[in-house]
Amino acid sequence: MTETDPRESGERQGIQSVETAMRVLLALENGGGALSLSAIAQASGMQPSKVHRYLVSLGRIGLTSQDPASGLYDFGAAMRRMGAESLRRTNEVAVAGGHTARLRDRTGHSVNLAVWGDRGPIVVSWAYGTRPLPLTVRVGATLPLLTSSVGQVFLAHLPESLTDEVLGGELRGKETEWTSERLAATRAQVRAEGHVVTHGGVIPGIISVAAPVFAANDPLPLAVSVVLPESLGTPDHLAEVTRELHEAVAAASHELGYLS
């Protein structure tokens with residue numbers, strides 16, 4: 001008979017009470033605010049008496065708290081401090097980059113990630129897909145605000161005070177093409193739809209679909225775009241790519257602590 005390594009066995013079994021306590025904390029997280037004991041019990045799938053014992057212990061170490069007036073439970077001071085410190089240590093680009101790589105794997109198309117720089121959106125990573133492209137934008141390149149899908153994401157979601165200087169430079173000579181009404185309509189459409197589709201905006205023969213990634217501790221969003229040849233951009237395929245993009249940016253935003 002072969003002996004089981006105690007360390008290996010312990011890793012598989014874990015500590016059930018810790019996992020149970022986490023169910024209580026997850027119920028509070030998913031509740032979106034202070035909850036009653038009965039609501040936490042229902043959300044965690046446990047009896048109220050059992051939940052109450054865990055809340056007492058969690059409260060003693062500051063992970064939960066109870067409002068003395070309403071009796072409702074919420075996260076405690078220690079939990080808020082740990083959450084803030086966790087966000088401080090988070091590398092938003094690295095987290096989003098993991099999701100862009102998986103998005104590339106699911107779609108087969110190239111996916112890039114951009115951040116806002118002094119002169120506009122800057123490409124910080126490019127996950128190359130299996131579909132050949134006539135040309136790619138290199139990492140470190142600055143993309144235009146008006147004609148790129150990534151640029152329009154930042155145009156829509158950043159404060160105008162941040163984009164005005166870059167926008168002003170791009171608008172010189174194009175004021176009749178990009179009127180204030182068109183700019184306002186573009187911003188509104190991007191915010192309403194949650195993504196942007198451009199055809200040949202930066203590279204002829206290329207379709208780009210972009211959407212924002214938000215982080216709880218950073219007011220500046222990131223932008224993710226899927227890039228594919230125009231020849232593959234049928235309505236059904238574009239809808240599929242856009243759906244995958246929305247799922248990816250939502251997952252990245254959630255991981256970065258953003259609550260929509």
# chains A, B, ... in the order shown; residues from 1 in each chain; ligands from 1
>>> select_by_dssp(residues="range 124-199 of chain A", states="alpha helix (DSSP H)", output="ChimeraX atom specification")
/A:149-157,160-171,180-193
>>> write_last_selection(atoms="N, CA and C atoms", output="mmCIF file, in the first residue's frame")
data_model
loop_
_atom_site.group_PDB
_atom_site.id
_atom_site.type_symbol
_atom_site.label_atom_id
_atom_site.label_comp_id
_atom_site.auth_asym_id
_atom_site.auth_seq_id
_atom_site.Cartn_x
_atom_site.Cartn_y
_atom_site.Cartn_z
ATOM 1 N N SER A 149 -10.314 52.658 -33.885
ATOM 2 C CA SER A 149 -11.335 52.193 -32.933
ATOM 3 C C SER A 149 -10.871 52.423 -31.498
ATOM 4 N N VAL A 150 -9.599 52.173 -31.237
ATOM 5 C CA VAL A 150 -9.043 52.411 -29.902
ATOM 6 C C VAL A 150 -9.139 53.890 -29.543
ATOM 7 N N GLY A 151 -8.797 54.751 -30.504
ATOM 8 C CA GLY A 151 -8.867 56.188 -30.261
ATOM 9 C C GLY A 151 -10.264 56.642 -29.886
ATOM 10 N N GLN A 152 -11.255 56.113 -30.578
ATOM 11 C CA GLN A 152 -12.632 56.516 -30.280
ATOM 12 C C GLN A 152 -13.097 56.014 -28.915
ATOM 13 N N VAL A 153 -12.534 54.885 -28.459
ATOM 14 C CA VAL A 153 -12.840 54.420 -27.098
ATOM 15 C C VAL A 153 -12.375 55.456 -26.085
ATOM 16 N N PHE A 154 -11.133 55.928 -26.244
ATOM 17 C CA PHE A 154 -10.613 56.931 -25.323
ATOM 18 C C PHE A 154 -11.350 58.262 -25.486
ATOM 19 N N LEU A 155 -11.689 58.607 -26.714
ATOM 20 C CA LEU A 155 -12.432 59.837 -26.962
ATOM 21 C C LEU A 155 -13.749 59.845 -26.202
ATOM 22 N N ALA A 156 -14.390 58.691 -26.141
ATOM 23 C CA ALA A 156 -15.703 58.598 -25.507
ATOM 24 C C ALA A 156 -15.618 58.537 -23.987
ATOM 25 N N HIS A 157 -14.577 57.906 -23.458
ATOM 26 C CA HIS A 157 -14.569 57.611 -22.020
ATOM 27 C C HIS A 157 -13.628 58.469 -21.181
ATOM 28 N N GLU A 160 -12.899 65.312 -21.431
ATOM 29 C CA GLU A 160 -12.481 66.108 -22.580
ATOM 30 C C GLU A 160 -11.231 66.931 -22.282
ATOM 31 N N SER A 161 -11.017 67.276 -21.021
ATOM 32 C CA SER A 161 -9.823 68.037 -20.662
ATOM 33 C C SER A 161 -8.547 67.270 -20.985
ATOM 34 N N LEU A 162 -8.612 65.929 -20.977
ATOM 35 C CA LEU A 162 -7.445 65.112 -21.300
ATOM 36 C C LEU A 162 -7.265 64.934 -22.807
ATOM 37 N N THR A 163 -8.361 64.915 -23.541
ATOM 38 C CA THR A 163 -8.270 64.639 -24.980
ATOM 39 C C THR A 163 -8.240 65.889 -25.840
ATOM 40 N N ASP A 164 -8.570 67.059 -25.273
ATOM 41 C CA ASP A 164 -8.727 68.275 -26.079
ATOM 42 C C ASP A 164 -7.482 68.624 -26.887
ATOM 43 N N GLU A 165 -6.295 68.546 -26.270
ATOM 44 C CA GLU A 165 -5.077 68.945 -26.980
ATOM 45 C C GLU A 165 -4.804 68.031 -28.162
ATOM 46 N N VAL A 166 -4.894 66.716 -27.933
ATOM 47 C CA VAL A 166 -4.669 65.758 -29.019
ATOM 48 C C VAL A 166 -5.749 65.903 -30.082
ATOM 49 N N LEU A 167 -6.974 66.047 -29.637
ATOM 50 C CA LEU A 167 -8.088 66.191 -30.575
ATOM 51 C C LEU A 167 -7.935 67.446 -31.415
ATOM 52 N N GLY A 168 -7.523 68.530 -30.774
ATOM 53 C CA GLY A 168 -7.342 69.778 -31.511
ATOM 54 C C GLY A 168 -6.338 69.640 -32.637
ATOM 55 N N GLY A 169 -5.247 68.910 -32.384
ATOM 56 C CA GLY A 169 -4.247 68.702 -33.424
ATOM 57 C C GLY A 169 -4.795 67.895 -34.584
ATOM 58 N N GLU A 170 -5.619 66.899 -34.291
ATOM 59 C CA GLU A 170 -6.178 66.065 -35.361
ATOM 60 C C GLU A 170 -7.274 66.783 -36.139
ATOM 61 N N LEU A 171 -7.931 67.730 -35.486
ATOM 62 C CA LEU A 171 -9.065 68.398 -36.131
ATOM 63 C C LEU A 171 -8.649 69.487 -37.107
ATOM 64 N N SER A 180 -18.736 69.519 -34.259
ATOM 65 C CA SER A 180 -18.979 69.280 -32.831
ATOM 66 C C SER A 180 -20.156 68.334 -32.636
ATOM 67 N N GLU A 181 -21.135 68.407 -33.526
ATOM 68 C CA GLU A 181 -22.290 67.509 -33.435
ATOM 69 C C GLU A 181 -21.870 66.056 -33.706
ATOM 70 N N ARG A 182 -20.997 65.856 -34.687
ATOM 71 C CA ARG A 182 -20.546 64.506 -34.998
ATOM 72 C C ARG A 182 -19.699 63.944 -33.855
ATOM 73 N N LEU A 183 -18.857 64.778 -33.267
ATOM 74 C CA LEU A 183 -18.040 64.336 -32.137
ATOM 75 C C LEU A 183 -18.918 63.908 -30.967
ATOM 76 N N ALA A 184 -19.938 64.720 -30.682
ATOM 77 C CA ALA A 184 -20.845 64.399 -29.578
ATOM 78 C C ALA A 184 -21.600 63.111 -29.859
ATOM 79 N N ALA A 185 -22.033 62.936 -31.114
ATOM 80 C CA ALA A 185 -22.767 61.730 -31.480
ATOM 81 C C ALA A 185 -21.873 60.499 -31.404
ATOM 82 N N THR A 186 -20.609 60.645 -31.798
ATOM 83 C CA THR A 186 -19.663 59.525 -31.732
ATOM 84 C C THR A 186 -19.435 59.103 -30.291
ATOM 85 N N ARG A 187 -19.203 60.085 -29.417
ATOM 86 C CA ARG A 187 -19.002 59.772 -27.999
ATOM 87 C C ARG A 187 -20.223 59.040 -27.426
ATOM 88 N N ALA A 188 -21.394 59.558 -27.741
ATOM 89 C CA ALA A 188 -22.628 58.968 -27.206
ATOM 90 C C ALA A 188 -22.833 57.549 -27.718
ATOM 91 N N GLN A 189 -22.547 57.326 -28.995
ATOM 92 C CA GLN A 189 -22.744 55.996 -29.578
ATOM 93 C C GLN A 189 -21.791 54.980 -28.967
ATOM 94 N N VAL A 190 -20.533 55.370 -28.784
ATOM 95 C CA VAL A 190 -19.549 54.453 -28.198
ATOM 96 C C VAL A 190 -19.958 54.078 -26.776
ATOM 97 N N ARG A 191 -20.387 55.070 -25.998
ATOM 98 C CA ARG A 191 -20.803 54.790 -24.623
ATOM 99 C C ARG A 191 -22.035 53.884 -24.593
ATOM 100 N N ALA A 192 -22.958 54.119 -25.505
ATOM 101 C CA ALA A 192 -24.203 53.341 -25.511
ATOM 102 C C ALA A 192 -23.955 51.894 -25.955
ATOM 103 N N GLU A 193 -23.143 51.701 -26.993
ATOM 104 C CA GLU A 193 -22.924 50.364 -27.546
ATOM 105 C C GLU A 193 -21.824 49.604 -26.817
#
>>> residues_around(residues="Ser231 in chain A", least_positions_apart="4", cutoff="12 Å", atoms="only C-alpha atoms", output="JSON, numbers by chain")
{"A": [131, 132, 133, 134, 199, 200, 204, 205, 206, 207, 227, 235, 237, 238]}
>>> write_last_selection(atoms="C-alpha atoms", output="JSON list (two decimals), in the first residue's frame")
[["chain", "number", "residue", "atom", "x", "y", "z"],
["A", 131, "ARG", "CA", -5.13, 35.12, -39.58],
["A", 132, "PRO", "CA", -2.59, 36.99, -41.77],
["A", 133, "LEU", "CA", -2.75, 40.78, -41.84],
["A", 134, "PRO", "CA", -1.29, 43.03, -44.56],
["A", 199, "HIS", "CA", -13.11, 49.86, -41.35],
["A", 200, "GLY", "CA", -9.68, 50.78, -42.68],
["A", 204, "PRO", "CA", -6.55, 49.79, -45.35],
["A", 205, "GLY", "CA", -8.34, 46.45, -45.65],
["A", 206, "ILE", "CA", -8.53, 45.99, -41.88],
["A", 207, "ILE", "CA", -11.51, 45.96, -39.51],
["A", 227, "VAL", "CA", -8.08, 43.25, -35.66],
["A", 235, "PRO", "CA", -22.05, 40.50, -40.20],
["A", 237, "HIS", "CA", -18.59, 36.87, -37.77],
["A", 238, "LEU", "CA", -18.31, 40.49, -36.63]]
>>> atom_distance(atom1="CA of Trp116 in chain A", atom2="CA of Gly173 in chain A")
24.0 Å
>>> residues_around(residues="Glu240 in chain A", least_positions_apart="2", cutoff="12 Å", atoms="only C-alpha atoms", output="list in words")
Leu103, Arg106, Thr107, Gly108, His109, Val209, Val226, Leu232, Gly233, Thr234, Pro235, Asp236, His237, Leu238, Thr242, Arg243, Glu244, Leu245, His246 and Glu247 of chain A
>>> closest_residue(among="A:Met82, A:Val197, A:Met22, A:Ala127", to="Ala96 in chain A", atoms="only C-alpha atoms")
A:Ala127
>>> select_by_dssp(residues="range 17-149 of chain A", states="strand (DSSP E or B)", output="ChimeraX atom specification")
/A:35,64-66,73-75,110-117,120-127,142
>>> closest_residue(among="A:Leu37, A:Val213, A:Val95, A:Arg81", to="Asp67 in chain A", atoms="only C-alpha atoms")
A:Leu37
>>> atom_distance(atom1="CA of Glu255 in chain A", atom2="CA of Ile61 in chain A")
25.0 Å
>>> closest_residue(among="A:Pro159, A:Gly129, A:Ala141, A:Val124", to="Glu92 in chain A", atoms="only C-alpha atoms")
A:Val124
>>> atom_distance(atom1="CA of Ala43 in chain A", atom2="CA of Glu29 in chain A")
10.4 Å
>>> closest_residue(among="A:Ala223, A:Ile40, A:Ala21, A:Thr176", to="Ile122 in chain A", atoms="only C-alpha atoms")
A:Ala223
>>> residues_around(residues="Gln47 in chain A", least_positions_apart="5", cutoff="12 Å", atoms="only C-alpha atoms", output="mmCIF file with N, CA, C and O atoms, in the first residue's frame")
data_model
loop_
_atom_site.group_PDB
_atom_site.id
_atom_site.type_symbol
_atom_site.label_atom_id
_atom_site.label_comp_id
_atom_site.auth_asym_id
_atom_site.auth_seq_id
_atom_site.Cartn_x
_atom_site.Cartn_y
_atom_site.Cartn_z
ATOM 1 N N THR A 20 -15.782 27.939 3.795
ATOM 2 C CA THR A 20 -17.133 28.327 4.210
ATOM 3 C C THR A 20 -17.187 29.812 4.535
ATOM 4 O O THR A 20 -18.141 30.508 4.164
ATOM 5 N N VAL A 24 -19.429 33.272 2.819
ATOM 6 C CA VAL A 24 -20.097 34.397 3.478
ATOM 7 C C VAL A 24 -19.599 35.719 2.890
ATOM 8 O O VAL A 24 -20.388 36.622 2.577
ATOM 9 N N LEU A 37 -28.846 39.331 7.861
ATOM 10 C CA LEU A 37 -28.386 37.972 8.122
ATOM 11 C C LEU A 37 -29.114 36.976 7.231
ATOM 12 O O LEU A 37 -28.502 36.064 6.657
ATOM 13 N N SER A 38 -30.416 37.143 7.095
ATOM 14 C CA SER A 38 -31.193 36.203 6.278
ATOM 15 C C SER A 38 -30.796 36.269 4.809
ATOM 16 O O SER A 38 -30.753 35.243 4.121
ATOM 17 N N ALA A 39 -30.483 37.478 4.331
ATOM 18 C CA ALA A 39 -30.075 37.621 2.932
ATOM 19 C C ALA A 39 -28.726 36.954 2.690
ATOM 20 O O ALA A 39 -28.509 36.300 1.659
ATOM 21 N N ILE A 40 -27.806 37.105 3.633
ATOM 22 C CA ILE A 40 -26.494 36.459 3.500
ATOM 23 C C ILE A 40 -26.651 34.936 3.543
ATOM 24 O O ILE A 40 -26.024 34.209 2.773
ATOM 25 N N ALA A 41 -27.503 34.458 4.451
ATOM 26 C CA ALA A 41 -27.727 33.023 4.560
ATOM 27 C C ALA A 41 -28.291 32.455 3.263
ATOM 28 O O ALA A 41 -27.859 31.400 2.778
ATOM 29 N N GLN A 42 -29.240 33.163 2.678
ATOM 30 C CA GLN A 42 -29.845 32.688 1.434
ATOM 31 C C GLN A 42 -28.822 32.687 0.298
ATOM 32 O O GLN A 42 -28.741 31.735 -0.478
ATOM 33 N N HIS A 52 -24.353 33.280 11.184
ATOM 34 C CA HIS A 52 -24.129 34.219 12.286
ATOM 35 C C HIS A 52 -22.824 33.914 13.012
ATOM 36 O O HIS A 52 -22.062 34.831 13.370
ATOM 37 N N ARG A 53 -22.515 32.632 13.208
ATOM 38 C CA ARG A 53 -21.268 32.280 13.892
ATOM 39 C C ARG A 53 -20.058 32.727 13.077
ATOM 40 O O ARG A 53 -19.072 33.230 13.636
ATOM 41 N N TYR A 54 -20.150 32.550 11.784
ATOM 42 C CA TYR A 54 -19.032 32.991 10.933
ATOM 43 C C TYR A 54 -18.920 34.516 10.932
ATOM 44 O O TYR A 54 -17.806 35.063 10.949
#
>>> residues_around(residues="Ser260 in chain A", least_positions_apart="3", cutoff="10 Å", atoms="only C-alpha atoms", output="ChimeraX atom specification")
/A:214,216,250,253-254,257
>>> write_last_selection(atoms="N, CA and C atoms", output="PDB file, in the first residue's frame")
ATOM      1  N   PHE A 214     -11.985  48.837 -17.597  1.00  0.00           N
ATOM      2  CA  PHE A 214     -11.934  49.787 -16.488  1.00  0.00           C
ATOM      3  C   PHE A 214     -11.341  49.122 -15.254  1.00  0.00           C
ATOM      4  N   ALA A 216     -10.779  49.658 -10.898  1.00  0.00           N
ATOM      5  CA  ALA A 216     -11.363  50.372  -9.761  1.00  0.00           C
ATOM      6  C   ALA A 216     -10.467  51.487  -9.257  1.00  0.00           C
ATOM      7  N   ALA A 250     -15.194  42.650 -20.027  1.00  0.00           N
ATOM      8  CA  ALA A 250     -15.978  42.576 -18.791  1.00  0.00           C
ATOM      9  C   ALA A 250     -15.239  41.744 -17.745  1.00  0.00           C
ATOM     10  N   SER A 253     -12.222  43.783 -16.492  1.00  0.00           N
ATOM     11  CA  SER A 253     -12.666  44.862 -15.614  1.00  0.00           C
ATOM     12  C   SER A 253     -13.069  44.318 -14.255  1.00  0.00           C
ATOM     13  N   HIS A 254     -13.763  43.181 -14.259  1.00  0.00           N
ATOM     14  CA  HIS A 254     -14.169  42.561 -12.994  1.00  0.00           C
ATOM     15  C   HIS A 254     -12.952  42.161 -12.172  1.00  0.00           C
ATOM     16  N   GLY A 257     -11.405  44.887 -10.286  1.00  0.00           N
ATOM     17  CA  GLY A 257     -12.185  45.474  -9.201  1.00  0.00           C
ATOM     18  C   GLY A 257     -13.209  46.487  -9.627  1.00  0.00           C
TER      19      GLY A 257
END
